[in-house]
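K.L.:
Would you mind keeping the following structure in view while I ask a few things?
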Amino acid sequence: MTNKVGNQQMLREINVSTLLHMIFEHGPISRVELSRKTKLSPTTVSVLIEELIREQLVHETGMAGKGVGRKMTLLNIRADGGYVIGVDISSSPAHCVLLDLNGQLVASQSLESVRGQDEIRTSLVKQLQQFIHKQRIPRELIRRIGISLPGRLDETQSIVISSKYLQLEQFPMRQVLEQELSIPVLLANDLDAAGFAERFSGAAKNEHTIIFLLIGQGTGAGLVLNGEIYRGSSGAAGRTTHLSPYCTPILAERLRTNHPEEFGSMSPEATVHAFMDLVLAGVQPFSDQGELIIRDIADYCGKMLEMLNPQKMILGGWITDNAAFFDRLVHAIHEADHSPYGDTPIVVFHWKEYGSALGAAMLGLHEIFKKKTVQ
């Protein structure tokens with residue numbers, strides 16, 4: 001008897017998730033169309049939709065049909081039926097965003113950066129509680145909190161195996177935050193999250209296979225293959241160690257050491273921007289140095305394109321800050337890509353510094369509205 005009840009409950013959860021996914025992807029949509037698309041009976045659809053309306057996840061938005069025939073009531077996700085929070089702790093300051101269930105940005109703000117287990121348990125939790133209180137939203141309507149972070153996660157995406165930046169080793173972060181906040185939490189690598197944001201509503205919207213490459217304070221790639229984030233067999237996919245010499249702090253330090261008369265008192269960011277200007281102006285020896293950097297990055301990117309054949313490559317970081325430098329890099333990448341498929345579109349990332357926080361929130365939406373399957 002227990003197994004029968006359990007099976008019925010699991011089937012109900014699968015059917016509900018199927019309907020929510022269909023409404024999220026195709027709404028506004030009628031009950032009749034839902035029944036046709038999901039292969040669920042009209043009675044099942046009607047009963048489950050009424051439950052979702054009572055739970056304020058779905059609402060009726062109008063009528064479809066013209067003329068004297070029977071008009072059908074349309075359904076859509078109720079935007080204020082819940083919210084998701086996205087937090088990016090991979091930068092200083094950290095960033096926090098709030099999205100409604102339609103993926104619209106409701107609020108955003110900067111947070112104090114955190115390092116180590118103690119600050120995550122205290123400072124991060126306190127800042128999130130204050131952010132939620134500030135929005136005047138009932139706690140039960142916060143349906144997910146997504147945390148974007150630099151580092152390696154375990155297969156269940158719940159334990160931070162290692163993060164040098166956050167000074168964490170084998171830290172059960174998801175469990176800790178869920179206990180403190182009483183809200184479901186999901187963790188994501190910052191580059192994976194940024195790449196997902198670009199696909200969800202940014203430079204690669206509606207694309208199912210993309211490469212997102214960032215060269216900034218650090219370097220790495222986020223891979224989305226067939227609509228899913230690809231993390232590799234041990235969660236370490238996307239490492240781009242070869243490009244580490246071109247990270248902003250490393251490149252800037254090398255430039256300031258070798259050319260103190262040009263860059264000695266500048267910040268790392270200003271140093272790299274001044275370097276690009278000198279490269280484009282043809283000033284030696286910077287022009288030749290810049291050409292070597294462009295060729296090395298382009299060769300690496302060309303091999304990635306040839307191997308994965310994505311629909312689009314998205315670039316972020318200092319390599320996109322100067323339009324003329326970016327155009328020269330894109331030209332070099334296309335020259336280095338020897339695949340027979342034609343030039344892959346290469347674009348600048350859309351969401352900039354808030355990309356990883358938005359991606360973490362959007363991954364929360366994805367989890368809410370994805371189809372459940374039999375495990």
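Labels used: A, B, ... for chains in the order of the structure tokens, numbers from 1 for residues in each chain, and numbers from 1 for ligands as shown.
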Applying 8 Å and only C-alpha atoms, which residues near region 262-272 of chain A remain after dropping the ones on its own chain fewer than 5 positions away? List them as a ChimeraX atom specification.
P.N.:
/A:248-249,251-253,255-257,318
K.L.:
Return as a Markdown table the residues of region 121-188 of chain A lying at most 7 Å from region 224-245 of chain A, together with the closest atom-to-atom pair for each and the distance in Å to one decimal, counting only C-alpha atoms, with rows in chain order and ascending residue number.
P.N.:
```
| residue | atom | partner | partner_atom | distance |
| --- | --- | --- | --- | --- |
| A:Arg152 | CA | A:Gly235 | CA | 6.4 |
| A:Leu153 | CA | A:Gly235 | CA | 6.3 |
| A:Asp154 | CA | A:Gly235 | CA | 6.6 |
| A:Glu155 | CA | A:Gly235 | CA | 6.6 |
```
K.L.:
With all heavy atoms kept, could you save the residues just selected as an mmCIF file, in the first residue's frame?
P.N.:
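Wrote it out as result_38.cif, contents follow:
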```
data_model
loop_
_atom_site.group_PDB
_atom_site.id
_atom_site.type_symbol
_atom_site.label_atom_id
_atom_site.label_comp_id
_atom_site.auth_asym_id
_atom_site.auth_seq_id
_atom_site.Cartn_x
_atom_site.Cartn_y
_atom_site.Cartn_z
ATOM 1 N N ARG A 152 35.771 24.519 -7.371
ATOM 2 C CA ARG A 152 35.333 23.202 -7.822
ATOM 3 C C ARG A 152 34.299 22.640 -6.860
ATOM 4 O O ARG A 152 34.494 22.650 -5.641
ATOM 5 C CB ARG A 152 36.532 22.263 -7.897
ATOM 6 C CG ARG A 152 36.226 20.888 -8.433
ATOM 7 C CD ARG A 152 37.486 20.050 -8.466
ATOM 8 N NE ARG A 152 37.199 18.649 -8.709
ATOM 9 C CZ ARG A 152 38.033 17.646 -8.458
ATOM 10 N NH1 ARG A 152 39.234 17.922 -7.961
ATOM 11 N NH2 ARG A 152 37.701 16.408 -8.689
ATOM 12 N N LEU A 153 33.182 22.157 -7.411
ATOM 13 C CA LEU A 153 32.102 21.578 -6.630
ATOM 14 C C LEU A 153 32.067 20.067 -6.814
ATOM 15 O O LEU A 153 32.558 19.537 -7.817
ATOM 16 C CB LEU A 153 30.761 22.171 -7.054
ATOM 17 C CG LEU A 153 30.630 23.697 -6.941
ATOM 18 C CD1 LEU A 153 29.336 24.149 -7.594
ATOM 19 C CD2 LEU A 153 30.686 24.137 -5.498
ATOM 20 N N ASP A 154 31.463 19.374 -5.860
ATOM 21 C CA ASP A 154 31.325 17.920 -5.998
ATOM 22 C C ASP A 154 30.221 17.595 -6.996
ATOM 23 O O ASP A 154 29.554 18.478 -7.529
ATOM 24 C CB ASP A 154 31.057 17.284 -4.642
ATOM 25 C CG ASP A 154 29.640 17.560 -4.140
ATOM 26 O OD1 ASP A 154 29.076 18.615 -4.505
ATOM 27 O OD2 ASP A 154 29.108 16.737 -3.397
ATOM 28 N N GLU A 155 30.009 16.308 -7.253
ATOM 29 C CA GLU A 155 29.047 15.886 -8.272
ATOM 30 C C GLU A 155 27.622 16.294 -7.929
ATOM 31 O O GLU A 155 26.794 16.489 -8.822
ATOM 32 C CB GLU A 155 29.125 14.370 -8.460
ATOM 33 C CG GLU A 155 30.421 13.892 -9.111
ATOM 34 C CD GLU A 155 30.428 12.405 -9.350
ATOM 35 O OE1 GLU A 155 29.428 11.740 -9.010
ATOM 36 O OE2 GLU A 155 31.444 11.892 -9.860
#
```
K.L.:
Neighbouring residues of Leu358 (chain A) were defined as those with any atom within 8 Å, considering only C-alpha atoms; residues of the same chain fewer than 3 positions away were excluded. Please report them as a PyMOL selection string.
P.N.:
chain A and resi 86-87+97+193-194+197+354-355+361-362
K.L.:
Since we have the selection now, will you write its residues out, keeping N, CA, C and O atoms, as a PDB file, in the first residue's frame?
P.N.:
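Output contents, as saved in result_34.pdb:
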```
ATOM      1  N   GLY A  86      19.757  35.381  -6.696  1.00  0.00           N
ATOM      2  CA  GLY A  86      21.050  34.951  -7.218  1.00  0.00           C
ATOM      3  C   GLY A  86      22.154  35.767  -6.566  1.00  0.00           C
ATOM      4  O   GLY A  86      22.037  36.993  -6.452  1.00  0.00           O
ATOM      5  N   VAL A  87      23.199  35.086  -6.111  1.00  0.00           N
ATOM      6  CA  VAL A  87      24.313  35.756  -5.438  1.00  0.00           C
ATOM      7  C   VAL A  87      25.617  35.308  -6.084  1.00  0.00           C
ATOM      8  O   VAL A  87      25.847  34.112  -6.271  1.00  0.00           O
ATOM      9  N   VAL A  97      20.969  39.586  -6.773  1.00  0.00           N
ATOM     10  CA  VAL A  97      19.815  39.979  -7.581  1.00  0.00           C
ATOM     11  C   VAL A  97      18.579  39.207  -7.138  1.00  0.00           C
ATOM     12  O   VAL A  97      18.676  38.124  -6.553  1.00  0.00           O
ATOM     13  N   ALA A 193      27.558  29.738 -14.297  1.00  0.00           N
ATOM     14  CA  ALA A 193      26.402  30.605 -14.068  1.00  0.00           C
ATOM     15  C   ALA A 193      26.357  31.748 -15.075  1.00  0.00           C
ATOM     16  O   ALA A 193      25.303  32.056 -15.644  1.00  0.00           O
ATOM     17  N   ALA A 194      27.507  32.376 -15.315  1.00  0.00           N
ATOM     18  CA  ALA A 194      27.554  33.483 -16.281  1.00  0.00           C
ATOM     19  C   ALA A 194      27.176  33.009 -17.675  1.00  0.00           C
ATOM     20  O   ALA A 194      26.432  33.684 -18.398  1.00  0.00           O
ATOM     21  N   ALA A 197      23.442  32.515 -17.857  1.00  0.00           N
ATOM     22  CA  ALA A 197      22.726  33.790 -17.967  1.00  0.00           C
ATOM     23  C   ALA A 197      22.730  34.294 -19.400  1.00  0.00           C
ATOM     24  O   ALA A 197      21.721  34.814 -19.894  1.00  0.00           O
ATOM     25  N   TYR A 354      27.238  41.551 -13.490  1.00  0.00           N
ATOM     26  CA  TYR A 354      26.111  40.910 -12.825  1.00  0.00           C
ATOM     27  C   TYR A 354      25.755  39.556 -13.450  1.00  0.00           C
ATOM     28  O   TYR A 354      24.803  38.909 -13.014  1.00  0.00           O
ATOM     29  N   GLY A 355      26.516  39.117 -14.439  1.00  0.00           N
ATOM     30  CA  GLY A 355      26.171  37.898 -15.151  1.00  0.00           C
ATOM     31  C   GLY A 355      26.103  36.667 -14.279  1.00  0.00           C
ATOM     32  O   GLY A 355      25.161  35.870 -14.370  1.00  0.00           O
ATOM     33  N   ALA A 361      20.567  32.904 -10.251  1.00  0.00           N
ATOM     34  CA  ALA A 361      19.121  33.022 -10.064  1.00  0.00           C
ATOM     35  C   ALA A 361      18.365  32.280 -11.169  1.00  0.00           C
ATOM     36  O   ALA A 361      17.369  31.592 -10.913  1.00  0.00           O
ATOM     37  N   MET A 362      18.833  32.416 -12.400  1.00  0.00           N
ATOM     38  CA  MET A 362      18.170  31.752 -13.520  1.00  0.00           C
ATOM     39  C   MET A 362      18.276  30.240 -13.422  1.00  0.00           C
ATOM     40  O   MET A 362      17.366  29.512 -13.831  1.00  0.00           O
TER      41      MET A 362
END
```
K.L.:
Separation of CA of Pro310 (chain A) and CA of Ser356 (chain A), in Å?
P.N.:
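We find that CA of Pro310 (chain A) and CA of Ser356 (chain A) lie 20.7 Å from each other.
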K.L.:
Residues of region 174-291 of chain A in alpha helix (DSSP H) according to DSSP, as a count of residues only?
P.N.:
54
K.L.:
Work out how far apart CA of Cys96 (chain A) and CA of Ser113 (chain A) are and give it in Å to one decimal.
P.N.:
11.1 Å
K.L.:
I need the residues of region 31-201 of chain A that end up classed as strand (DSSP E) by DSSP on the backbone, written out as a ChimeraX atom specification.
P.N.:
/A:58-64,72-77,83-88,94-100,105-111,142-149,152-153,160-163,168-171,185-189
K.L.:
Check the smallest atom-to-atom distance from each of A:Leu363, A:Ile215, A:Leu305, A:Ile120 to Ile319 (chain A) using only C-alpha atoms, then report the winner.
P.N.:
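For Ile319 (chain A), the nearest of the candidates is A:Ile215.
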K.L.:
Could you give me, as JSON lines, every region 74-130 of chain A residue with an atom at most 10 Å from region 179-191 of chain A, plus its closest atom pair and distance in Å to one decimal, counting only C-alpha atoms, rows ordered by chain then number?
P.N.:
```
{"residue": "A:Val84", "atom": "CA", "partner": "A:Val185", "partner_atom": "CA", "distance": 10.0}
{"residue": "A:Ile85", "atom": "CA", "partner": "A:Val185", "partner_atom": "CA", "distance": 9.5}
{"residue": "A:Gly86", "atom": "CA", "partner": "A:Leu186", "partner_atom": "CA", "distance": 9.6}
{"residue": "A:Val87", "atom": "CA", "partner": "A:Leu187", "partner_atom": "CA", "distance": 9.7}
{"residue": "A:Asp88", "atom": "CA", "partner": "A:Asp190", "partner_atom": "CA", "distance": 7.1}
{"residue": "A:Ile89", "atom": "CA", "partner": "A:Asp190", "partner_atom": "CA", "distance": 8.3}
{"residue": "A:Ser90", "atom": "CA", "partner": "A:Asp190", "partner_atom": "CA", "distance": 6.6}
{"residue": "A:Ser91", "atom": "CA", "partner": "A:Asp190", "partner_atom": "CA", "distance": 9.6}
{"residue": "A:Arg121", "atom": "CA", "partner": "A:Glu180", "partner_atom": "CA", "distance": 7.8}
{"residue": "A:Thr122", "atom": "CA", "partner": "A:Glu180", "partner_atom": "CA", "distance": 9.3}
{"residue": "A:Val125", "atom": "CA", "partner": "A:Glu180", "partner_atom": "CA", "distance": 7.1}
{"residue": "A:Lys126", "atom": "CA", "partner": "A:Leu181", "partner_atom": "CA", "distance": 9.4}
{"residue": "A:Leu128", "atom": "CA", "partner": "A:Leu181", "partner_atom": "CA", "distance": 8.5}
{"residue": "A:Gln129", "atom": "CA", "partner": "A:Leu181", "partner_atom": "CA", "distance": 7.7}
```
K.L.:
Rounded to one decimal, what separation in Å do you get between CA of Glu367 (chain A) and CA of Met173 (chain A)?
P.N.:
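We find that CA of Glu367 (chain A) and CA of Met173 (chain A) lie 18.3 Å from each other.
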K.L.:
Do a neighbour search on Pro345 (chain A) at 10 Å with only C-alpha atoms, toss out local chain neighbours closer than 2 positions, and write the hits as a PDB file with N, CA and C atoms, in the first residue's frame.
P.N.:
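Result file is out13.pdb:
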```pdb
ATOM      1  N   ALA A 204      23.410  34.872 -25.946  1.00  0.00           N
ATOM      2  CA  ALA A 204      23.174  33.591 -26.625  1.00  0.00           C
ATOM      3  C   ALA A 204      21.775  33.060 -26.321  1.00  0.00           C
ATOM      4  N   PRO A 310      30.378  24.885 -31.343  1.00  0.00           N
ATOM      5  CA  PRO A 310      29.219  25.509 -30.702  1.00  0.00           C
ATOM      6  C   PRO A 310      28.449  26.397 -31.670  1.00  0.00           C
ATOM      7  N   GLN A 311      27.253  26.778 -31.263  1.00  0.00           N
ATOM      8  CA  GLN A 311      26.484  27.741 -32.042  1.00  0.00           C
ATOM      9  C   GLN A 311      27.063  29.148 -31.903  1.00  0.00           C
ATOM     10  N   LYS A 312      27.675  29.408 -30.747  1.00  0.00           N
ATOM     11  CA  LYS A 312      28.186  30.753 -30.494  1.00  0.00           C
ATOM     12  C   LYS A 312      29.284  30.681 -29.447  1.00  0.00           C
ATOM     13  N   MET A 313      30.268  31.570 -29.572  1.00  0.00           N
ATOM     14  CA  MET A 313      31.280  31.764 -28.531  1.00  0.00           C
ATOM     15  C   MET A 313      31.094  33.163 -27.943  1.00  0.00           C
ATOM     16  N   ILE A 314      31.062  33.237 -26.617  1.00  0.00           N
ATOM     17  CA  ILE A 314      30.895  34.512 -25.923  1.00  0.00           C
ATOM     18  C   ILE A 314      32.178  34.803 -25.161  1.00  0.00           C
ATOM     19  N   VAL A 330      38.797  38.708 -32.672  1.00  0.00           N
ATOM     20  CA  VAL A 330      37.793  37.870 -33.351  1.00  0.00           C
ATOM     21  C   VAL A 330      38.301  37.447 -34.727  1.00  0.00           C
ATOM     22  N   HIS A 334      38.902  33.488 -35.942  1.00  0.00           N
ATOM     23  CA  HIS A 334      38.340  32.882 -37.145  1.00  0.00           C
ATOM     24  C   HIS A 334      39.448  32.324 -38.057  1.00  0.00           C
ATOM     25  N   GLY A 342      32.299  26.882 -41.195  1.00  0.00           N
ATOM     26  CA  GLY A 342      32.130  28.320 -41.348  1.00  0.00           C
ATOM     27  C   GLY A 342      32.439  29.045 -40.053  1.00  0.00           C
ATOM     28  N   ASP A 343      32.452  30.363 -40.108  1.00  0.00           N
ATOM     29  CA  ASP A 343      32.829  31.151 -38.939  1.00  0.00           C
ATOM     30  C   ASP A 343      31.746  31.095 -37.866  1.00  0.00           C
ATOM     31  N   VAL A 347      30.797  36.858 -29.823  1.00  0.00           N
ATOM     32  CA  VAL A 347      30.171  38.086 -29.336  1.00  0.00           C
ATOM     33  C   VAL A 347      30.660  38.427 -27.935  1.00  0.00           C
TER      34      VAL A 347
END
```
K.L.:
Skip Glu198 (chain A) itself and residues of its chain fewer than 2 positions away, then list as number ranges by chain all residues within 8 Å of it, counting only C-alpha atoms.
P.N.:
A: 194-196, 200-205, 349-351, 355, 359
K.L.:
Pick out the closest residue to Leu48 (chain A) from this set: A:Glu207, A:Glu13, A:Glu306, A:Glu112. Count only C-alpha atoms.
P.N.:
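Ranking A:Glu207, A:Glu13, A:Glu306, A:Glu112 by distance to Leu48 (chain A), first place goes to A:Glu13.
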K.L.:
List every residue of region 59-178 of chain A that has an atom at most 12 Å from any atom of region 27-46 of chain A, giving for each one its closest atom pair and the distance in Å to one decimal, counting only C-alpha atoms, sorted by chain and then by ascending residue number, as a tab-separated table.
P.N.:
```
residue	atom	partner	partner_atom	distance
A:His59	CA	A:Pro28	CA	9.7
A:Glu60	CA	A:Pro28	CA	8.6
A:Thr61	CA	A:Pro28	CA	7.3
A:Gly62	CA	A:Pro28	CA	8.6
A:Met63	CA	A:Ser30	CA	8.6
A:Ala64	CA	A:Ser30	CA	7.9
A:Gly65	CA	A:Ser30	CA	10.5
A:Arg70	CA	A:Val32	CA	11.9
A:Lys71	CA	A:Ser30	CA	9.8
A:Met72	CA	A:Ser30	CA	6.2
A:Thr73	CA	A:Ser30	CA	5.8
A:Leu74	CA	A:Ser30	CA	4.5
A:Leu75	CA	A:Pro28	CA	5.1
A:Asn76	CA	A:Pro28	CA	4.7
A:Ile77	CA	A:Gly27	CA	7.3
A:Arg78	CA	A:Gly27	CA	10.5
A:Asn102	CA	A:Gly27	CA	10.5
```
K.L.:
For the residues selected in the previous step, produce a file with N, CA, C and O atoms as a compact mmCIF listing (two decimals), in the first residue's frame.
P.N.:
```txt
# COMPACT_ATOMS: atom_id res chain seq x y z
N HIS A 59 -1.67 31.54 -13.17
CA HIS A 59 -2.91 32.31 -13.17
C HIS A 59 -3.49 32.38 -14.58
O HIS A 59 -2.81 32.12 -15.57
N GLU A 60 -4.77 32.70 -14.64
CA GLU A 60 -5.46 32.86 -15.92
C GLU A 60 -5.23 34.28 -16.41
O GLU A 60 -5.37 35.24 -15.64
N THR A 61 -4.89 34.40 -17.69
CA THR A 61 -4.46 35.71 -18.19
C THR A 61 -5.34 36.28 -19.30
O THR A 61 -5.10 37.39 -19.77
N GLY A 62 -6.32 35.56 -19.74
CA GLY A 62 -7.15 36.08 -20.82
C GLY A 62 -7.79 34.95 -21.60
O GLY A 62 -7.80 33.79 -21.16
N MET A 63 -8.32 35.29 -22.76
CA MET A 63 -9.03 34.32 -23.59
C MET A 63 -8.40 34.24 -24.97
O MET A 63 -7.82 35.21 -25.46
N ALA A 64 -8.50 33.07 -25.58
CA ALA A 64 -8.03 32.87 -26.95
C ALA A 64 -9.20 32.43 -27.81
O ALA A 64 -10.12 31.77 -27.34
N GLY A 65 -9.12 32.78 -29.08
CA GLY A 65 -10.18 32.38 -30.00
C GLY A 65 -10.95 33.59 -30.51
O GLY A 65 -11.11 34.58 -29.80
N ARG A 70 -16.25 28.68 -29.25
CA ARG A 70 -15.90 28.67 -27.83
C ARG A 70 -14.50 29.22 -27.63
O ARG A 70 -13.57 28.81 -28.28
N LYS A 71 -14.38 30.17 -26.72
CA LYS A 71 -13.07 30.73 -26.42
C LYS A 71 -12.41 29.96 -25.29
O LYS A 71 -13.09 29.43 -24.40
N MET A 72 -11.08 29.89 -25.33
CA MET A 72 -10.33 29.12 -24.34
C MET A 72 -9.58 30.07 -23.41
O MET A 72 -8.99 31.06 -23.85
N THR A 73 -9.61 29.76 -22.13
CA THR A 73 -8.88 30.55 -21.13
C THR A 73 -7.39 30.23 -21.22
O THR A 73 -7.00 29.07 -21.31
N LEU A 74 -6.58 31.27 -21.20
CA LEU A 74 -5.14 31.10 -21.30
C LEU A 74 -4.49 31.14 -19.91
O LEU A 74 -4.93 31.85 -19.01
N LEU A 75 -3.43 30.36 -19.78
CA LEU A 75 -2.71 30.25 -18.51
C LEU A 75 -1.28 30.72 -18.68
O LEU A 75 -0.68 30.55 -19.74
N ASN A 76 -0.74 31.29 -17.60
CA ASN A 76 0.66 31.69 -17.62
C ASN A 76 1.23 31.56 -16.21
O ASN A 76 0.49 31.45 -15.23
N ILE A 77 2.55 31.57 -16.12
CA ILE A 77 3.20 31.59 -14.81
C ILE A 77 2.87 32.91 -14.13
O ILE A 77 2.94 33.97 -14.75
N ARG A 78 2.56 32.85 -12.86
CA ARG A 78 2.26 34.06 -12.10
C ARG A 78 3.59 34.67 -11.63
O ARG A 78 4.30 34.09 -10.81
N ASN A 102 8.93 35.02 -13.74
CA ASN A 102 9.07 35.19 -15.18
C ASN A 102 10.49 35.56 -15.59
O ASN A 102 10.75 35.84 -16.76
```
